[in-house]
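Encoded as structure tokens, the structure appears first; notes follow it.
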Amino acid sequence: MRATRGANAVCTQIGNDTFAWFGTTGSKSRLNFLDLLRAGHTDYAVNDAALDYMRDHALAGTLVQRLVAHQQRQFADETAWLGHLEQLGLTGLQVTPDPVRVATEGALWGAVSAHGFLCEAVVVSDDAGQFNVGQHALCWIHAERLVHKLETFTDQQRRAQQHVAG
């Protein structure tokens with residue numbers, strides 16, 4: 001999608017059988033997607049969901065421990081959160097994965113969880129990495145595109161593949 005003034009933009013749709021929400025932003029990063037999932041809230045949370053996310057995304061155990069050991073777990077906004085990361089010494093580290101990015105994604109996911117969003121929901125997407133959070137599934141249109149890549153070894157498998165591919 002192209003926004004006004006010649007700047008590229010991305011439209012994200014979030015919905016279910018009873019509602020649809022559309023948001024247009026200048027980024028299609030996971031940070032942006034997680035921010036959108038907070039539904040207008042500005043907070044960051046270091047809770048079980050956040051810590052699980054950080055561990056699952058390879059944040060170093062010593063850095064996770066710094067976050068766990070600190071008494072403050074809720075942060076009102078990005079400024080407070082980034083100040084906390086700086087205080088804990090995460091902002092100056094030049095390592096992979098980027099600890100600020102992973103910790104921030106985790107704290108955003110923690111806020112989504114703390115607000116009770118997506119508790120039993122499944123994120124269905126085109127398999128773009130930024131949408132692979134929580135329970136995730138591939139959109140049937142995109143999943144069907146992969147049928148032709150399946151290896152078939154018998155006539156029965158080839159017939160089944162052709163039947164599904166239509």
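To be explicit about the labels: the chains of the structure tokens are called A, B, and onward in the order shown, and within each one the residues are counted from 1, while ligands get numbers from 1 in the order they are shown.
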Backbone-only DSSP, strand (DSSP E) members of segment 73-139 of chain A, as a PyMOL selection string: chain A and resi 74-75+123-125+136-138
Export, as a PDB file, in the first residue's frame, the selected residues with C-alpha atoms.
ATOM      1  CA  GLN A  74       5.293  -2.789  34.738  1.00  0.00           C
ATOM      2  CA  PHE A  75       6.303   0.236  32.677  1.00  0.00           C
ATOM      3  CA  VAL A 123      -2.818 -15.535  14.674  1.00  0.00           C
ATOM      4  CA  VAL A 124      -3.461 -16.565  11.071  1.00  0.00           C
ATOM      5  CA  SER A 125      -1.051 -15.091   8.557  1.00  0.00           C
ATOM      6  CA  HIS A 136       0.065 -19.230  14.958  1.00  0.00           C
ATOM      7  CA  ALA A 137      -1.372 -20.821  11.837  1.00  0.00           C
ATOM      8  CA  LEU A 138      -0.857 -20.419   8.129  1.00  0.00           C
TER       9      LEU A 138
END
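Between atom CA of Asp56 of chain A and atom CA of Glu105 of chain A lies a distance of 11.5 Å.
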Contacts of Ala49 of chain A at 8 Å (only C-alpha atoms; same-chain gap of 4+ positions) as a PyMOL selection string: chain A and resi 53+106+109-110+113
Rows by chain and residue number, segment 33-129 of chain A within 9 Å of segment 17-29 of chain A, shortest pair, only C-alpha atoms, as a tab-separated table:
residue	atom	partner	partner_atom	distance
A:Phe33	CA	A:Ser29	CA	6.4
A:Leu34	CA	A:Ser29	CA	8.7
A:Leu36	CA	A:Gly23	CA	7.8
A:Gly129	CA	A:Ser29	CA	8.6
Please dump the current selection as a PDB file, in the first residue's frame; keep C-alpha atoms.
ATOM      1  CA  PHE A  33       2.737  -5.912  15.087  1.00  0.00           C
ATOM      2  CA  LEU A  34       3.057  -6.467  18.843  1.00  0.00           C
ATOM      3  CA  LEU A  36      -0.747  -2.983  17.373  1.00  0.00           C
ATOM      4  CA  GLY A 129       7.902 -13.875  10.459  1.00  0.00           C
TER       5      GLY A 129
END
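Closest approach to Thr12 of chain A from the set A:Thr91, A:Gln65, A:Phe131, A:Thr96 is made by A:Phe131, with distances taken over only C-alpha atoms.
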